[in-house]
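Listing of start.txt; format and content: compact mmCIF, C-alpha atoms.
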```
# COMPACT_ATOMS: atom_id res chain seq x y z
CA MET A 2 79.55 100.04 129.72
CA PRO A 3 79.43 97.64 126.72
CA GLU A 4 82.54 97.20 124.60
CA PRO A 5 82.62 98.86 121.18
CA THR A 6 81.61 96.65 118.28
CA ALA A 7 84.64 97.31 116.11
CA VAL A 8 85.18 95.29 112.97
CA PRO A 9 88.31 93.17 113.31
CA LEU A 10 91.26 93.98 111.07
CA ILE A 11 92.41 90.81 109.29
CA ARG A 12 95.95 90.79 107.98
CA PRO A 13 98.71 88.33 107.07
CA ALA A 14 100.92 87.20 109.93
CA THR A 15 104.54 88.30 110.12
CA THR A 16 107.45 86.90 112.09
CA ALA A 17 106.99 89.86 114.46
CA ASP A 18 103.68 88.26 115.56
CA GLU A 19 105.45 85.17 116.96
CA LYS A 20 105.24 86.04 120.66
CA GLU A 21 101.63 87.26 120.62
CA LEU A 22 100.44 84.30 118.55
CA ALA A 23 102.25 81.81 120.79
CA GLU A 24 100.66 83.39 123.88
CA LEU A 25 97.22 83.38 122.23
CA ASP A 26 97.65 79.74 121.26
CA ARG A 27 98.43 78.77 124.87
CA GLU A 28 95.68 81.03 126.27
CA THR A 29 93.00 79.50 124.06
CA TRP A 30 94.02 75.84 124.48
CA SER A 31 91.04 73.71 125.48
CA PRO A 32 90.06 70.03 125.36
CA LEU A 33 86.96 71.27 123.51
CA HIS A 34 89.05 71.67 120.37
CA SER A 35 92.53 70.25 120.95
CA VAL A 36 93.65 66.64 120.86
CA GLN A 37 97.13 67.67 121.99
CA PRO A 38 98.09 67.81 125.67
CA ARG A 39 97.98 71.21 127.40
CA PRO A 40 101.12 73.15 126.43
CA ARG A 41 103.81 73.16 129.11
CA PRO A 42 107.14 74.99 129.30
CA PRO A 43 109.53 75.01 127.66
CA TYR A 44 107.33 76.11 124.78
CA GLY A 45 108.33 75.44 121.21
CA PRO A 46 108.21 78.15 118.57
CA PHE A 47 104.86 79.15 117.08
CA PHE A 48 106.36 79.37 113.59
CA ASP A 49 108.29 76.37 112.29
CA ALA A 50 108.77 74.49 109.02
CA GLY A 51 105.14 73.32 109.04
CA HIS A 52 103.62 76.55 110.39
CA LEU A 53 104.81 79.48 108.30
CA PRO A 54 103.70 83.13 108.66
CA GLU A 55 102.37 83.10 105.08
CA ASP A 56 99.87 80.37 106.06
CA ILE A 57 98.35 82.45 108.86
CA LEU A 58 95.93 85.35 108.97
CA VAL A 59 95.78 87.44 112.14
CA ALA A 60 92.80 89.30 113.60
CA GLU A 61 93.29 92.56 115.48
CA LEU A 62 90.89 94.61 117.56
CA ASP A 63 92.09 97.94 118.90
CA SER A 64 95.62 97.12 117.62
CA ALA A 65 95.80 93.93 119.71
CA VAL A 66 96.09 90.43 118.26
CA VAL A 67 92.91 88.60 119.23
CA GLY A 68 92.79 85.68 116.81
CA TYR A 69 94.32 83.74 113.98
CA VAL A 70 93.50 81.13 111.36
CA ARG A 71 96.06 78.80 109.80
CA THR A 72 95.42 77.25 106.38
CA VAL A 73 97.77 74.81 104.71
CA ALA A 74 97.90 72.36 101.85
CA PRO A 75 96.45 69.12 103.26
CA THR A 76 99.06 67.04 101.41
CA PRO A 77 102.15 67.75 99.30
CA LEU A 78 100.52 66.08 96.27
CA ALA A 79 100.01 68.11 93.10
CA SER A 80 96.66 66.34 92.61
CA ASN A 81 95.49 67.90 95.91
CA ALA A 82 96.89 71.41 95.34
CA HIS A 83 93.42 72.89 94.76
CA VAL A 84 92.48 72.28 98.43
CA ARG A 85 93.42 74.25 101.54
CA GLU A 86 92.80 72.94 105.03
CA ILE A 87 92.18 74.94 108.18
CA GLN A 88 94.60 73.62 110.77
CA GLY A 89 94.02 76.11 113.54
CA LEU A 90 91.52 78.78 114.44
CA ALA A 91 91.81 80.64 117.72
CA VAL A 92 89.99 83.64 119.18
CA ALA A 93 90.86 85.22 122.52
CA ASP A 94 88.14 84.95 125.15
CA ARG A 95 88.01 88.76 125.41
CA ALA A 96 87.10 88.97 121.70
CA ARG A 97 84.49 86.20 121.52
CA GLY A 98 81.09 87.22 120.23
CA ARG A 99 82.54 90.11 118.24
CA GLY A 100 82.67 88.46 114.81
CA VAL A 101 86.38 87.64 114.92
CA GLY A 102 86.07 83.93 114.11
CA ARG A 103 83.62 84.62 111.28
CA ALA A 104 85.87 87.35 109.84
CA LEU A 105 88.89 85.03 109.98
CA LEU A 106 87.00 82.22 108.23
CA ARG A 107 85.75 84.52 105.49
CA ALA A 108 89.19 86.02 104.94
CA ALA A 109 90.82 82.57 104.88
CA CYS A 110 88.37 81.36 102.24
CA ALA A 111 88.76 84.50 100.13
CA THR A 112 92.57 84.36 100.37
CA ALA A 113 92.66 80.67 99.46
CA ARG A 114 90.42 81.30 96.45
CA ARG A 115 92.63 84.18 95.24
CA ARG A 116 95.59 81.82 95.50
CA GLY A 117 93.82 79.26 93.29
CA ALA A 118 92.15 76.93 95.79
CA LEU A 119 88.74 75.52 94.92
CA ARG A 120 87.93 73.83 98.25
CA MET A 121 88.49 74.46 101.95
CA THR A 122 88.40 71.60 104.45
CA LEU A 123 88.80 71.22 108.20
CA ARG A 124 88.52 68.79 111.05
CA VAL A 125 86.56 69.59 114.21
CA LEU A 126 85.83 67.54 117.30
CA GLY A 127 82.26 66.29 117.44
CA HIS A 128 81.62 67.82 120.88
CA ASN A 129 82.72 71.32 119.79
CA ALA A 130 79.20 72.60 119.09
CA PRO A 131 80.11 76.33 118.94
CA ALA A 132 82.77 75.78 116.27
CA ARG A 133 80.58 73.40 114.28
CA ALA A 134 77.74 75.94 114.28
CA LEU A 135 80.08 78.68 113.03
CA TYR A 136 81.48 76.47 110.28
CA GLU A 137 78.00 75.43 109.16
CA ALA A 138 76.86 79.07 109.14
CA GLU A 139 79.81 79.82 106.84
CA GLY A 140 78.87 77.11 104.34
CA PHE A 141 80.87 74.13 105.58
CA VAL A 142 79.08 70.78 105.52
CA VAL A 143 79.89 67.49 107.23
CA GLU A 144 81.63 65.27 104.71
CA GLY A 145 82.56 62.45 107.06
CA VAL A 146 82.77 61.37 110.65
CA LEU A 147 85.43 59.21 112.27
CA PRO A 148 83.52 57.85 115.28
CA GLY A 149 85.42 57.73 118.56
CA GLU A 150 88.65 58.76 116.84
CA PHE A 151 90.07 60.38 119.99
CA ARG A 152 89.93 59.58 123.70
CA LEU A 153 89.91 62.85 125.61
CA ASP A 154 89.37 63.18 129.34
CA GLY A 155 88.17 59.57 129.50
CA ALA A 156 85.57 59.90 126.72
CA TYR A 157 85.68 58.89 123.07
CA VAL A 158 85.15 61.84 120.75
CA ASP A 159 84.28 61.88 117.05
CA ASP A 160 86.49 63.61 114.50
CA VAL A 161 84.20 65.45 112.09
CA LEU A 162 85.45 66.23 108.59
CA MET A 163 83.91 69.32 107.01
CA GLY A 164 84.42 71.10 103.73
CA ARG A 165 83.06 73.66 101.33
CA ALA A 166 83.56 74.85 97.80
CA LEU A 167 85.28 78.20 97.40
CA THR A 168 83.37 79.25 94.31
CA GLY A 169 81.27 82.32 94.94
CA VAL A 170 83.53 83.54 97.76
CA PRO A 171 83.67 87.36 97.68
CA GLN A 172 87.00 88.69 96.50
CA LEU A 173 88.29 90.76 99.40
CA SER A 174 91.25 93.06 99.05
CA GLY A 175 94.42 92.07 100.84
CA PRO A 176 96.70 89.04 100.92
```
Show me the file's structure as structure tokens.
Amino acid sequence: MPEPTAVPLIRPATTADEKELAELDRETWSPLHSVQPRPRPPYGPFFDAGHLPEDILVAELDSAVVGYVRTVAPTPLASNAHVREIQGLAVADRARGRGVGRALLRAACATARRRGALRMTLRVLGHNAPARALYEAEGFVVEGVLPGEFRLDGAYVDDVLMGRALTGVPQLSGP
């Protein structure tokens, strides 16, 4: 029997989400999108000084956390305060193909715009075709490529810089 096609609930993260988000982060780790080594115990905290709950939106399906997106200021400079950068997007395997990633991206852009941002940027590995297709479908364009920036599993991989303007983003209710 096919799974229901529920619309994901997108909400701000809270400190109570720590355990579920940490588990999701470890569960979704892949060399397709991560330049960091595979997480190994003892695991550090999910939330820390650089990764605050207020920078994260959580996706739920059937009251279970199935994804998150983290957006932060790319630099501490006042001249760059109009930009937010996606520094993490994860969707549980069990929720893939159900619009969770798209809903998280849209909510992140709308939230950033409400908070005064004019641009959203991100970095994605060149070989991550599924993520690149999603970003492009949501209006992100390639703004630069750092060829062979990372060596992963014995191969050199490009770091692709993408961005989009936040003008015209629908104003969603919420955070």
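Here atom CA of Gly164 of chain A stands at a distance of 21.0 Å from atom CA of His52 of chain A.
Among A:Ile57, A:Ala79, A:Val92, A:Ala111, the residue with the shortest atom-to-atom distance to Arg27 of chain A, counting only C-alpha atoms, is A:Val92.
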All residues 8 Å or closer to Pro13 of chain A, only C-alpha atoms, same chain fewer than 4 positions away omitted, as a list in words: Pro54, Glu55, Ile57, Leu58, Val59 and Pro176 of chain A
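Restricting the calculation to all atoms listed in the file, the smallest distance between Ile11 of chain A and any of A:Thr168, A:Asn129, A:Gln37, A:Thr112 is found for A:Thr112.
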Long-range neighbours of Leu90 of chain A as a ChimeraX atom specification, 12 Å cut-off, all atoms listed in the file, 2 positions minimum in chain: /A:22,25-26,29-30,34-35,56-60,67-72,86-88,92-93,101-106,109,123-125,132,135-136
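Atom CA of Val146 of chain A is found 4.6 Å from atom CA of Val161 of chain A.
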Spatial neighbours of Gly127 of chain A, max dist 8 Å, only C-alpha atoms, sep filter under 4 positions, as a PyMOL selection string: chain A and resi 133+158-161
Neighbour list for Arg85 of chain A as a list in words, cut-off 7 Å, only C-alpha atoms, skip fewer than 2 positions in-chain: Thr72, Val73, Ala74, Pro75, His83, Ile87, Ala113, Ala118, Arg120, Met121 and Thr122 of chain A
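Among A:Ala91, A:Leu62, A:Leu126, A:Ala138, the residue with the shortest atom-to-atom distance to Glu28 of chain A, counting only C-alpha atoms, is A:Ala91.
Rounded to one decimal, atom CA of Ala65 of chain A and atom CA of Pro131 of chain A lie 23.6 Å from each other.
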Ala23 of chain A surroundings by all atoms listed in the file, 9 Å radius, close-in-sequence under 5 positions cut, as JSON, numbers by chain: {"A": [18, 28, 44, 45, 46, 47, 48]}
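Residue nearest Glu139 of chain A, chosen from A:Leu119, A:Ala7, A:Ala108, A:Leu162 and counting all atoms listed in the file: A:Ala108.
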Could I see segment 155-166 of chain A restored to all heavy atoms, set down as a PDB file, in the frame of the given file?
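Written output follows (rebuild-v2.pdb):
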```
ATOM      1  N   GLY A 155      88.896  60.798 129.200  1.00  0.00           N
ATOM      2  CA  GLY A 155      88.170  59.570 129.500  1.00  0.00           C
ATOM      3  C   GLY A 155      86.976  59.273 128.613  1.00  0.00           C
ATOM      4  O   GLY A 155      86.278  58.295 128.824  1.00  0.00           O
ATOM      5  N   ALA A 156      86.722  60.118 127.615  1.00  0.00           N
ATOM      6  CA  ALA A 156      85.570  59.900 126.720  1.00  0.00           C
ATOM      7  C   ALA A 156      86.049  59.809 125.277  1.00  0.00           C
ATOM      8  O   ALA A 156      86.999  60.494 124.879  1.00  0.00           O
ATOM      9  CB  ALA A 156      84.567  61.041 126.856  1.00  0.00           C
ATOM     10  N   TYR A 157      85.378  58.981 124.490  1.00  0.00           N
ATOM     11  CA  TYR A 157      85.680  58.890 123.070  1.00  0.00           C
ATOM     12  C   TYR A 157      84.952  60.004 122.336  1.00  0.00           C
ATOM     13  O   TYR A 157      83.777  60.258 122.588  1.00  0.00           O
ATOM     14  CB  TYR A 157      85.271  57.523 122.517  1.00  0.00           C
ATOM     15  CG  TYR A 157      86.145  56.422 123.064  1.00  0.00           C
ATOM     16  CD1 TYR A 157      85.716  55.638 124.124  1.00  0.00           C
ATOM     17  CD2 TYR A 157      87.418  56.215 122.548  1.00  0.00           C
ATOM     18  CE1 TYR A 157      86.535  54.650 124.644  1.00  0.00           C
ATOM     19  CE2 TYR A 157      88.245  55.224 123.068  1.00  0.00           C
ATOM     20  CZ  TYR A 157      87.795  54.450 124.119  1.00  0.00           C
ATOM     21  OH  TYR A 157      88.607  53.484 124.633  1.00  0.00           O
ATOM     22  N   VAL A 158      85.672  60.668 121.445  1.00  0.00           N
ATOM     23  CA  VAL A 158      85.150  61.840 120.750  1.00  0.00           C
ATOM     24  C   VAL A 158      85.299  61.630 119.249  1.00  0.00           C
ATOM     25  O   VAL A 158      86.343  61.183 118.772  1.00  0.00           O
ATOM     26  CB  VAL A 158      85.923  63.116 121.179  1.00  0.00           C
ATOM     27  CG1 VAL A 158      85.414  64.349 120.451  1.00  0.00           C
ATOM     28  CG2 VAL A 158      85.830  63.309 122.687  1.00  0.00           C
ATOM     29  N   ASP A 159      84.253  61.990 118.506  1.00  0.00           N
ATOM     30  CA  ASP A 159      84.280  61.880 117.050  1.00  0.00           C
ATOM     31  C   ASP A 159      85.150  62.979 116.438  1.00  0.00           C
ATOM     32  O   ASP A 159      85.232  64.089 116.967  1.00  0.00           O
ATOM     33  CB  ASP A 159      82.865  62.040 116.464  1.00  0.00           C
ATOM     34  CG  ASP A 159      81.920  60.932 116.876  1.00  0.00           C
ATOM     35  OD1 ASP A 159      82.377  59.908 117.411  1.00  0.00           O
ATOM     36  OD2 ASP A 159      80.705  61.104 116.655  1.00  0.00           O
ATOM     37  N   ASP A 160      85.760  62.642 115.316  1.00  0.00           N
ATOM     38  CA  ASP A 160      86.490  63.610 114.500  1.00  0.00           C
ATOM     39  C   ASP A 160      85.598  63.873 113.285  1.00  0.00           C
ATOM     40  O   ASP A 160      85.301  62.953 112.516  1.00  0.00           O
ATOM     41  CB  ASP A 160      87.830  62.998 114.067  1.00  0.00           C
ATOM     42  CG  ASP A 160      88.753  63.988 113.393  1.00  0.00           C
ATOM     43  OD1 ASP A 160      88.490  65.200 113.426  1.00  0.00           O
ATOM     44  OD2 ASP A 160      89.765  63.530 112.821  1.00  0.00           O
ATOM     45  N   VAL A 161      85.139  65.101 113.144  1.00  0.00           N
ATOM     46  CA  VAL A 161      84.200  65.450 112.090  1.00  0.00           C
ATOM     47  C   VAL A 161      84.943  66.171 110.973  1.00  0.00           C
ATOM     48  O   VAL A 161      85.631  67.170 111.211  1.00  0.00           O
ATOM     49  CB  VAL A 161      83.053  66.351 112.643  1.00  0.00           C
ATOM     50  CG1 VAL A 161      82.084  66.732 111.543  1.00  0.00           C
ATOM     51  CG2 VAL A 161      82.337  65.639 113.792  1.00  0.00           C
ATOM     52  N   LEU A 162      84.811  65.649 109.761  1.00  0.00           N
ATOM     53  CA  LEU A 162      85.450  66.230 108.590  1.00  0.00           C
ATOM     54  C   LEU A 162      84.434  67.120 107.894  1.00  0.00           C
ATOM     55  O   LEU A 162      83.319  66.679 107.597  1.00  0.00           O
ATOM     56  CB  LEU A 162      85.932  65.134 107.644  1.00  0.00           C
ATOM     57  CG  LEU A 162      86.703  63.985 108.304  1.00  0.00           C
ATOM     58  CD1 LEU A 162      87.056  62.924 107.274  1.00  0.00           C
ATOM     59  CD2 LEU A 162      87.937  64.492 109.009  1.00  0.00           C
ATOM     60  N   MET A 163      84.809  68.361 107.646  1.00  0.00           N
ATOM     61  CA  MET A 163      83.910  69.320 107.010  1.00  0.00           C
ATOM     62  C   MET A 163      84.612  69.956 105.822  1.00  0.00           C
ATOM     63  O   MET A 163      85.841  70.028 105.789  1.00  0.00           O
ATOM     64  CB  MET A 163      83.457  70.395 108.005  1.00  0.00           C
ATOM     65  CG  MET A 163      82.702  69.845 109.202  1.00  0.00           C
ATOM     66  SD  MET A 163      82.127  71.127 110.349  1.00  0.00           S
ATOM     67  CE  MET A 163      80.644  71.669 109.482  1.00  0.00           C
ATOM     68  N   GLY A 164      83.837  70.436 104.871  1.00  0.00           N
ATOM     69  CA  GLY A 164      84.420  71.100 103.730  1.00  0.00           C
ATOM     70  C   GLY A 164      83.412  71.990 103.040  1.00  0.00           C
ATOM     71  O   GLY A 164      82.207  71.941 103.331  1.00  0.00           O
ATOM     72  N   ARG A 165      83.916  72.791 102.138  1.00  0.00           N
ATOM     73  CA  ARG A 165      83.060  73.660 101.330  1.00  0.00           C
ATOM     74  C   ARG A 165      83.792  74.056 100.058  1.00  0.00           C
ATOM     75  O   ARG A 165      85.024  74.119 100.018  1.00  0.00           O
ATOM     76  CB  ARG A 165      82.612  74.898 102.093  1.00  0.00           C
ATOM     77  CG  ARG A 165      83.749  75.829 102.465  1.00  0.00           C
ATOM     78  CD  ARG A 165      83.302  77.207 102.819  1.00  0.00           C
ATOM     79  NE  ARG A 165      82.860  77.880 101.621  1.00  0.00           N
ATOM     80  CZ  ARG A 165      82.418  79.108 101.567  1.00  0.00           C
ATOM     81  NH1 ARG A 165      82.346  79.817 102.676  1.00  0.00           N
ATOM     82  NH2 ARG A 165      82.045  79.674 100.446  1.00  0.00           N
ATOM     83  N   ALA A 166      83.000  74.327  99.036  1.00  0.00           N
ATOM     84  CA  ALA A 166      83.560  74.850  97.800  1.00  0.00           C
ATOM     85  C   ALA A 166      83.887  76.322  98.018  1.00  0.00           C
ATOM     86  O   ALA A 166      83.241  77.008  98.812  1.00  0.00           O
ATOM     87  CB  ALA A 166      82.542  74.701  96.670  1.00  0.00           C
TER      88      ALA A 166
END
```
